[in-house]
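Written below as structure tokens is the structure these notes are about.
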Amino acid sequence: MDTRPALAPGPLDALDLADPLLHADHDLGPLWRRLRSESPVHWQPETADRPGFWVVSGHADIVSVLNDSETFTSERGNVLDTLLAGGDSAAGQMLAVTDGRPHKALRSALLKPFSPRSLDVVVRSVRRGTRQLVQEAVERGRVDFAADVAAHIPLAAICDLLGVPAGERQHIIDLTSTALSSADGAPTEEATWSSRNGLLLYFSELAAQRRAKPYDDVVSLLVTKEIDGRPLTHEEIVFNCYSIIMGGHETTRFAMIGGLHALMHREDQWQALVSGRAGIAPAVEEVLRWTSPALHSGRTATQDVLVDDQFVEEGDVVVAWLASGNRDERVFTDPDVFDLARTPNKHLSFAHGPHFCLGAFLARAELGALLESLRELVGSARPDGEPRHVYSNFLSGFSSLPVALTPAR
């Protein structure tokens with residue numbers, strides 16, 4: 001149940017989808033429906049402090065844009081704020097903002113540690129750790145699910161992969177939670193810059209340690225791996241560690257929080273989960289579709305091109321709004337209904353095409369472990385205070401979710 005007010009009707013040109021307050025303070029479902037119907041490829045005019053950009057809201061158009069990395073490149077950035085600021089400093093060095101042959105080579109190098117076989121030990125650890133966290137939360141009875149449970153599950157897994165020591169993980173939580181969003185108002189440039197640089201500095205030091213003494217972790221893989229016959233530069237290693245920690249922590253965390261929030265407000269779906277009428281695998285996919293933790297994926301047009309009869313010029317910023325595509329009524333039956341048994345479920349929460357999320361298997365395993373633990377350990381879950389929405393134009397979810405839990409019989 002979204003208790004936020006819907007955006008008041010008005011001219012589409014008056015919108016500012018780059019404003020984090022818009023996403024935090026309003027239910028944008030009606031707006032996405034209107035855009036898909038009236039202006040599926042919509043030009044967001046420039047303002048005094050930022051350039052204009054294209055808003056792509058329909059599922060088919062989003063798939064078309066994300067599939068074509070030659071026409072719509074990631075190499076100038078894939079996050080709206082970065083694109084509007086002139087580009088990403090990691091372009092051509094970080095997997096998420098690299099295309100063509102360099103992207104294929106780097107992705108190929110990272111595929112092995114993120115494969116199901118390689119992640120077997122990590123996934124078993126995730127299941128144990130998740131069960132323990134949920135059990136402890138049930139024993140306490142009243143917790144902030146966002147801070148006390150969800151923040152720790154994906155972080156533990158991705159830190160295991162990267163070799164981050166246990167004693168340093170709270171520091172990583174603090175940095176990742178403020179690098180792309182804010183819990184208390186629109187993020188400031190100073191705060192996000194400080195957090196991002198803190199993460200880069202941390203992984204710079206960790207990479208230097210692994211270069212001197214490699215271990216069996218992803219950072220050690222990066223410092224010893226050759227791409228196209230050359231070792232990765234120190235900057236490439238650091239940027240990709242940053243990308244992995246942000247992609248592996250924030251989005252999955254928000255999916256977990258949003259999933260429990262949806263379940264608490266829909267008794268029929270809670271019963272479908274605990275009774276087994278809804279399987280864990282389809283339930284995971286519906287949580288991902290429903291929460292859409294990454295709101296968008298940005299690109300830059302490399303040439304003049306028509307997108308759904310709109311003329312997009314070379315150099316234009318083109319933003320595919322995954323949150324809208326995941327509610328497209330032409331693809332999903334009753335898209336505004338939370339249905340754990342939904343199938344098929346062609347959601348876009350892991351994006352699409354060459355940049356499909358590298359950590360999709362791990363994210364699904366983490367969400368599955370949480371749903372299994374909730375089903376087995378929790379008798380009831382109810383709100384125990386007002387949730388707080390995160391302030392971001394890129395991430396969607398709750399920064400706080402107070403809940404009261406009772407144990408399963």
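Quick note on naming: the chains in the structure tokens go A, B, ... in the order shown, residues restart at 1 in each chain, and ligands are numbered from 1 in order of appearance.
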Would you kindly return, as a CSV table (one decimal) with C-alpha atoms, in the first residue's frame, each protein, DNA or RNA residue with an atom no farther than 7 Å from any atom of region 348-352 of chain A, considering only C-alpha atoms and excluding same-chain residues fewer than 4 positions away?
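Heads up, here's the output in out-v1.csv:
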```csv
chain,number,residue,atom,x,y,z
A,63,VAL,CA,14.2,-3.2,-24.1
A,66,LEU,CA,19.0,-1.2,-23.6
A,67,ASN,CA,19.6,-3.9,-26.3
A,288,LEU,CA,11.8,-7.6,-7.9
A,289,ARG,CA,9.2,-6.3,-10.3
A,292,SER,CA,11.9,-1.9,-9.0
A,294,ALA,CA,16.8,0.8,-9.6
A,322,LEU,CA,12.6,0.6,-15.4
A,325,GLY,CA,8.4,-0.6,-17.7
A,326,ASN,CA,7.7,-3.0,-14.8
A,356,PHE,CA,22.0,-7.2,-17.7
A,357,CYS,CA,23.0,-7.4,-14.0
A,360,ALA,CA,21.4,-11.4,-10.8
```
Mind checking which residues fall within 12 Å of Val97 (chain A), counting only C-alpha atoms, ignoring those fewer than 6 positions away in the same chain, and posting them as a PDB file with N, CA, C and O atoms, in the first residue's frame?
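Ended up saving to part.pdb:
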```
ATOM      1  N   SER A  69      23.618  -1.177 -27.607  1.00  0.00           N
ATOM      2  CA  SER A  69      24.681  -0.392 -26.976  1.00  0.00           C
ATOM      3  C   SER A  69      25.504   0.395 -27.988  1.00  0.00           C
ATOM      4  O   SER A  69      26.287   1.263 -27.598  1.00  0.00           O
ATOM      5  N   PHE A  72      22.964   3.473 -28.257  1.00  0.00           N
ATOM      6  CA  PHE A  72      22.729   4.076 -26.941  1.00  0.00           C
ATOM      7  C   PHE A  72      23.826   3.591 -25.997  1.00  0.00           C
ATOM      8  O   PHE A  72      23.749   2.516 -25.427  1.00  0.00           O
ATOM      9  N   THR A  73      24.846   4.398 -25.874  1.00  0.00           N
ATOM     10  CA  THR A  73      26.046   3.975 -25.139  1.00  0.00           C
ATOM     11  C   THR A  73      25.941   4.260 -23.643  1.00  0.00           C
ATOM     12  O   THR A  73      25.284   5.212 -23.215  1.00  0.00           O
ATOM     13  N   SER A  74      26.620   3.411 -22.877  1.00  0.00           N
ATOM     14  CA  SER A  74      26.765   3.627 -21.434  1.00  0.00           C
ATOM     15  C   SER A  74      28.062   4.353 -21.109  1.00  0.00           C
ATOM     16  O   SER A  74      28.310   4.670 -19.940  1.00  0.00           O
ATOM     17  N   GLU A  75      28.884   4.606 -22.100  1.00  0.00           N
ATOM     18  CA  GLU A  75      30.246   5.066 -21.844  1.00  0.00           C
ATOM     19  C   GLU A  75      30.344   6.512 -21.368  1.00  0.00           C
ATOM     20  O   GLU A  75      31.426   6.966 -21.044  1.00  0.00           O
ATOM     21  N   ARG A  76      29.227   7.205 -21.311  1.00  0.00           N
ATOM     22  CA  ARG A  76      29.240   8.540 -20.703  1.00  0.00           C
ATOM     23  C   ARG A  76      28.493   8.539 -19.365  1.00  0.00           C
ATOM     24  O   ARG A  76      28.240   9.589 -18.789  1.00  0.00           O
ATOM     25  N   GLY A  77      28.127   7.347 -18.922  1.00  0.00           N
ATOM     26  CA  GLY A  77      27.413   7.206 -17.659  1.00  0.00           C
ATOM     27  C   GLY A  77      26.114   6.463 -17.842  1.00  0.00           C
ATOM     28  O   GLY A  77      25.573   6.392 -18.945  1.00  0.00           O
ATOM     29  N   ASN A  78      25.593   5.890 -16.746  1.00  0.00           N
ATOM     30  CA  ASN A  78      24.303   5.200 -16.803  1.00  0.00           C
ATOM     31  C   ASN A  78      23.358   5.640 -15.683  1.00  0.00           C
ATOM     32  O   ASN A  78      22.287   5.085 -15.533  1.00  0.00           O
ATOM     33  N   VAL A  79      23.780   6.631 -14.887  1.00  0.00           N
ATOM     34  CA  VAL A  79      22.961   7.193 -13.813  1.00  0.00           C
ATOM     35  C   VAL A  79      22.637   8.634 -14.177  1.00  0.00           C
ATOM     36  O   VAL A  79      23.508   9.391 -14.620  1.00  0.00           O
ATOM     37  N   THR A  82      24.787  11.668 -13.034  1.00  0.00           N
ATOM     38  CA  THR A  82      26.107  11.686 -13.655  1.00  0.00           C
ATOM     39  C   THR A  82      26.016  12.151 -15.103  1.00  0.00           C
ATOM     40  O   THR A  82      26.828  12.963 -15.567  1.00  0.00           O
ATOM     41  N   LEU A  83      25.021  11.654 -15.828  1.00  0.00           N
ATOM     42  CA  LEU A  83      24.844  12.047 -17.222  1.00  0.00           C
ATOM     43  C   LEU A  83      24.561  13.539 -17.351  1.00  0.00           C
ATOM     44  O   LEU A  83      25.108  14.212 -18.233  1.00  0.00           O
ATOM     45  N   GLY A  87      28.987  13.513 -17.590  1.00  0.00           N
ATOM     46  CA  GLY A  87      29.605  12.213 -17.858  1.00  0.00           C
ATOM     47  C   GLY A  87      30.214  11.585 -16.620  1.00  0.00           C
ATOM     48  O   GLY A  87      30.334  12.223 -15.575  1.00  0.00           O
ATOM     49  N   ASP A  88      30.582  10.323 -16.763  1.00  0.00           N
ATOM     50  CA  ASP A  88      31.123   9.540 -15.654  1.00  0.00           C
ATOM     51  C   ASP A  88      32.638   9.467 -15.761  1.00  0.00           C
ATOM     52  O   ASP A  88      33.180   9.081 -16.808  1.00  0.00           O
ATOM     53  N   SER A  89      33.342   9.792 -14.679  1.00  0.00           N
ATOM     54  CA  SER A  89      34.808   9.776 -14.694  1.00  0.00           C
ATOM     55  C   SER A  89      35.364   8.365 -14.852  1.00  0.00           C
ATOM     56  O   SER A  89      36.534   8.192 -15.209  1.00  0.00           O
ATOM     57  N   ALA A  90      34.515   7.347 -14.590  1.00  0.00           N
ATOM     58  CA  ALA A  90      34.964   5.957 -14.722  1.00  0.00           C
ATOM     59  C   ALA A  90      34.659   5.374 -16.094  1.00  0.00           C
ATOM     60  O   ALA A  90      34.889   4.181 -16.320  1.00  0.00           O
ATOM     61  N   ALA A  91      34.143   6.184 -17.005  1.00  0.00           N
ATOM     62  CA  ALA A  91      33.776   5.696 -18.334  1.00  0.00           C
ATOM     63  C   ALA A  91      34.951   5.001 -19.009  1.00  0.00           C
ATOM     64  O   ALA A  91      36.079   5.501 -18.999  1.00  0.00           O
ATOM     65  N   HIS A 103      34.054  -4.018 -22.819  1.00  0.00           N
ATOM     66  CA  HIS A 103      32.995  -4.495 -21.927  1.00  0.00           C
ATOM     67  C   HIS A 103      32.911  -6.013 -21.942  1.00  0.00           C
ATOM     68  O   HIS A 103      32.819  -6.661 -20.883  1.00  0.00           O
ATOM     69  N   LYS A 104      32.948  -6.597 -23.124  1.00  0.00           N
ATOM     70  CA  LYS A 104      32.867  -8.053 -23.229  1.00  0.00           C
ATOM     71  C   LYS A 104      34.036  -8.728 -22.519  1.00  0.00           C
ATOM     72  O   LYS A 104      33.870  -9.736 -21.830  1.00  0.00           O
ATOM     73  N   LEU A 106      35.973  -7.535 -20.027  1.00  0.00           N
ATOM     74  CA  LEU A 106      35.906  -7.356 -18.582  1.00  0.00           C
ATOM     75  C   LEU A 106      34.768  -8.187 -17.985  1.00  0.00           C
ATOM     76  O   LEU A 106      34.924  -8.826 -16.937  1.00  0.00           O
ATOM     77  N   ARG A 107      33.630  -8.212 -18.659  1.00  0.00           N
ATOM     78  CA  ARG A 107      32.501  -9.007 -18.170  1.00  0.00           C
ATOM     79  C   ARG A 107      32.852 -10.488 -18.155  1.00  0.00           C
ATOM     80  O   ARG A 107      32.502 -11.213 -17.213  1.00  0.00           O
ATOM     81  N   GLU A 236      41.033   0.966 -12.813  1.00  0.00           N
ATOM     82  CA  GLU A 236      40.019   0.013 -13.269  1.00  0.00           C
ATOM     83  C   GLU A 236      39.611  -0.932 -12.148  1.00  0.00           C
ATOM     84  O   GLU A 236      38.428  -1.254 -11.978  1.00  0.00           O
ATOM     85  N   PHE A 239      37.484   1.167  -9.537  1.00  0.00           N
ATOM     86  CA  PHE A 239      36.163   1.510 -10.056  1.00  0.00           C
ATOM     87  C   PHE A 239      35.235   0.289 -10.094  1.00  0.00           C
ATOM     88  O   PHE A 239      34.049   0.386  -9.792  1.00  0.00           O
ATOM     89  N   ASN A 240      35.766  -0.866 -10.477  1.00  0.00           N
ATOM     90  CA  ASN A 240      34.918  -2.050 -10.575  1.00  0.00           C
ATOM     91  C   ASN A 240      34.569  -2.616  -9.209  1.00  0.00           C
ATOM     92  O   ASN A 240      33.480  -3.167  -9.027  1.00  0.00           O
ATOM     93  N   SER A 243      31.693  -0.470  -8.233  1.00  0.00           N
ATOM     94  CA  SER A 243      30.484  -0.863  -8.963  1.00  0.00           C
ATOM     95  C   SER A 243      29.869  -2.122  -8.377  1.00  0.00           C
ATOM     96  O   SER A 243      28.650  -2.231  -8.216  1.00  0.00           O
ATOM     97  N   SER A 297      17.854   3.326 -16.017  1.00  0.00           N
ATOM     98  CA  SER A 297      19.170   3.037 -16.580  1.00  0.00           C
ATOM     99  C   SER A 297      19.394   4.027 -17.719  1.00  0.00           C
ATOM    100  O   SER A 297      18.611   4.064 -18.673  1.00  0.00           O
ATOM    101  N   GLY A 298      20.425   4.844 -17.594  1.00  0.00           N
ATOM    102  CA  GLY A 298      20.628   5.937 -18.532  1.00  0.00           C
ATOM    103  C   GLY A 298      21.600   5.602 -19.647  1.00  0.00           C
ATOM    104  O   GLY A 298      22.491   4.767 -19.492  1.00  0.00           O
ATOM    105  N   ARG A 299      21.435   6.255 -20.773  1.00  0.00           N
ATOM    106  CA  ARG A 299      22.295   6.077 -21.934  1.00  0.00           C
ATOM    107  C   ARG A 299      22.488   7.427 -22.634  1.00  0.00           C
ATOM    108  O   ARG A 299      21.810   8.407 -22.340  1.00  0.00           O
ATOM    109  N   THR A 300      23.393   7.458 -23.612  1.00  0.00           N
ATOM    110  CA  THR A 300      23.593   8.632 -24.459  1.00  0.00           C
ATOM    111  C   THR A 300      23.524   8.186 -25.918  1.00  0.00           C
ATOM    112  O   THR A 300      24.163   7.190 -26.300  1.00  0.00           O
ATOM    113  N   PRO A 354      23.206  -6.178 -23.008  1.00  0.00           N
ATOM    114  CA  PRO A 354      24.608  -6.418 -22.631  1.00  0.00           C
ATOM    115  C   PRO A 354      24.914  -6.067 -21.178  1.00  0.00           C
ATOM    116  O   PRO A 354      25.838  -6.632 -20.594  1.00  0.00           O
ATOM    117  N   HIS A 355      24.153  -5.140 -20.596  1.00  0.00           N
ATOM    118  CA  HIS A 355      24.419  -4.723 -19.223  1.00  0.00           C
ATOM    119  C   HIS A 355      23.455  -5.364 -18.224  1.00  0.00           C
ATOM    120  O   HIS A 355      23.281  -4.842 -17.109  1.00  0.00           O
TER     121      HIS A 355
END
```
> Where in region 108-225 of chain A does DSSP assign strand (DSSP E or B), given as JSON, numbers by chain?
Replying inline: {"A": [142, 143, 144, 182]}
Hey, can you spit out that residue selection with N, CA and C atoms as a tab-separated table (two decimals), in the first residue's frame?
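Output below, filename selection_21.tsv:
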```
chain	number	residue	atom	x	y	z
A	142	ARG	N	10.41	-6.32	17.99
A	142	ARG	CA	10.24	-5.03	17.31
A	142	ARG	C	11.60	-4.57	16.80
A	143	VAL	N	11.69	-4.37	15.49
A	143	VAL	CA	12.96	-3.98	14.86
A	143	VAL	C	12.71	-3.01	13.73
A	144	ASP	N	13.75	-2.34	13.32
A	144	ASP	CA	13.73	-1.61	12.05
A	144	ASP	C	14.26	-2.60	11.01
A	182	SER	N	19.71	9.53	0.08
A	182	SER	CA	19.73	10.10	1.43
A	182	SER	C	18.49	9.64	2.17
```
>> Using only C-alpha atoms, which protein or nucleic acid residues come within 12 Å of region 195-200 of chain A? Drop anything in the same chain fewer than 4 positions from it, and give the result as a PyMOL selection string.
In response: chain A and resi 90+164+168-169+171-182+187-191+204-207+234-246
Emit the selected residues as a compact mmCIF listing (two decimals), in the first residue's frame, including N, CA and C atoms.
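Output contents, as saved in result-v7.txt:
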```
# COMPACT_ATOMS: atom_id res chain seq x y z
N ALA A 90 34.52 7.35 -14.59
CA ALA A 90 34.96 5.96 -14.72
C ALA A 90 34.66 5.37 -16.09
N VAL A 164 36.18 -8.24 2.06
CA VAL A 164 36.15 -7.15 3.04
C VAL A 164 36.06 -7.76 4.44
N GLU A 168 35.06 -4.27 9.16
CA GLU A 168 35.02 -3.05 8.35
C GLU A 168 33.69 -2.91 7.59
N ARG A 169 32.76 -3.84 7.82
CA ARG A 169 31.56 -3.85 6.99
C ARG A 169 30.55 -2.78 7.38
N HIS A 171 31.29 0.17 8.23
CA HIS A 171 31.81 1.35 7.52
C HIS A 171 31.34 1.35 6.07
N ILE A 172 31.33 0.17 5.45
CA ILE A 172 30.88 0.07 4.06
C ILE A 172 29.38 0.35 3.97
N ILE A 173 28.59 -0.16 4.94
CA ILE A 173 27.15 0.13 4.96
C ILE A 173 26.91 1.64 5.02
N ASP A 174 27.63 2.31 5.90
CA ASP A 174 27.45 3.76 6.07
C ASP A 174 27.76 4.51 4.77
N LEU A 175 28.80 4.08 4.07
CA LEU A 175 29.19 4.76 2.84
C LEU A 175 28.23 4.47 1.69
N THR A 176 27.86 3.19 1.51
CA THR A 176 26.98 2.85 0.38
C THR A 176 25.60 3.47 0.54
N SER A 177 25.13 3.60 1.77
CA SER A 177 23.77 4.12 1.98
C SER A 177 23.65 5.61 1.71
N THR A 178 24.76 6.31 1.57
CA THR A 178 24.71 7.74 1.29
C THR A 178 25.40 8.13 -0.02
N ALA A 179 25.86 7.14 -0.78
CA ALA A 179 26.57 7.44 -2.03
C ALA A 179 25.62 7.78 -3.17
N LEU A 180 24.40 7.23 -3.15
CA LEU A 180 23.44 7.47 -4.23
C LEU A 180 22.09 7.96 -3.73
N SER A 181 21.94 8.10 -2.42
CA SER A 181 20.65 8.48 -1.88
C SER A 181 20.84 9.10 -0.51
N SER A 182 19.71 9.53 0.08
CA SER A 182 19.73 10.10 1.43
C SER A 182 18.49 9.64 2.17
N PRO A 187 19.61 14.36 -1.43
CA PRO A 187 21.06 14.21 -1.21
C PRO A 187 21.79 15.47 -1.62
N THR A 188 22.79 15.84 -0.83
CA THR A 188 23.61 16.99 -1.19
C THR A 188 24.82 16.52 -1.99
N GLU A 189 25.29 17.36 -2.85
CA GLU A 189 26.44 17.01 -3.68
C GLU A 189 27.66 16.71 -2.80
N GLU A 190 27.81 17.46 -1.72
CA GLU A 190 28.95 17.26 -0.83
C GLU A 190 28.90 15.88 -0.16
N ALA A 191 27.69 15.49 0.31
CA ALA A 191 27.55 14.22 1.02
C ALA A 191 27.79 13.03 0.09
N SER A 204 40.82 1.28 -2.98
CA SER A 204 42.19 1.54 -3.43
C SER A 204 43.18 0.90 -2.46
N GLU A 205 42.92 1.07 -1.17
CA GLU A 205 43.80 0.48 -0.16
C GLU A 205 43.69 -1.04 -0.14
N LEU A 206 42.46 -1.56 -0.30
CA LEU A 206 42.27 -3.01 -0.31
C LEU A 206 42.96 -3.64 -1.52
N ALA A 207 42.86 -2.98 -2.67
CA ALA A 207 43.51 -3.49 -3.88
C ALA A 207 45.03 -3.52 -3.71
N HIS A 234 45.21 0.25 -11.82
CA HIS A 234 44.72 0.40 -10.45
C HIS A 234 43.34 1.08 -10.44
N GLU A 235 43.17 2.05 -11.33
CA GLU A 235 41.88 2.76 -11.40
C GLU A 235 40.77 1.82 -11.84
N GLU A 236 41.03 0.97 -12.81
CA GLU A 236 40.02 0.01 -13.27
C GLU A 236 39.61 -0.93 -12.15
N ILE A 237 40.57 -1.38 -11.38
CA ILE A 237 40.28 -2.28 -10.26
C ILE A 237 39.40 -1.59 -9.23
N VAL A 238 39.78 -0.37 -8.87
CA VAL A 238 39.03 0.36 -7.84
C VAL A 238 37.62 0.68 -8.31
N PHE A 239 37.48 1.17 -9.54
CA PHE A 239 36.16 1.51 -10.06
C PHE A 239 35.23 0.29 -10.09
N ASN A 240 35.77 -0.87 -10.48
CA ASN A 240 34.92 -2.05 -10.57
C ASN A 240 34.57 -2.62 -9.21
N CYS A 241 35.44 -2.47 -8.23
CA CYS A 241 35.08 -2.83 -6.86
C CYS A 241 33.93 -1.94 -6.37
N TYR A 242 34.03 -0.66 -6.66
CA TYR A 242 32.96 0.28 -6.31
C TYR A 242 31.64 -0.13 -6.95
N SER A 243 31.69 -0.47 -8.23
CA SER A 243 30.48 -0.86 -8.96
C SER A 243 29.87 -2.12 -8.38
N ILE A 244 30.70 -3.09 -8.02
CA ILE A 244 30.21 -4.36 -7.48
C ILE A 244 29.55 -4.14 -6.12
N ILE A 245 30.17 -3.35 -5.26
CA ILE A 245 29.60 -3.15 -3.93
C ILE A 245 28.29 -2.37 -4.01
N MET A 246 28.21 -1.37 -4.89
CA MET A 246 26.98 -0.59 -5.01
C MET A 246 25.88 -1.42 -5.66
```
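If only C-alpha atoms are the atoms counted, then among A:Ser37, A:Asp339, A:Ser399, A:Phe394 the closest residue to Asp268 (chain A) is A:Asp339.
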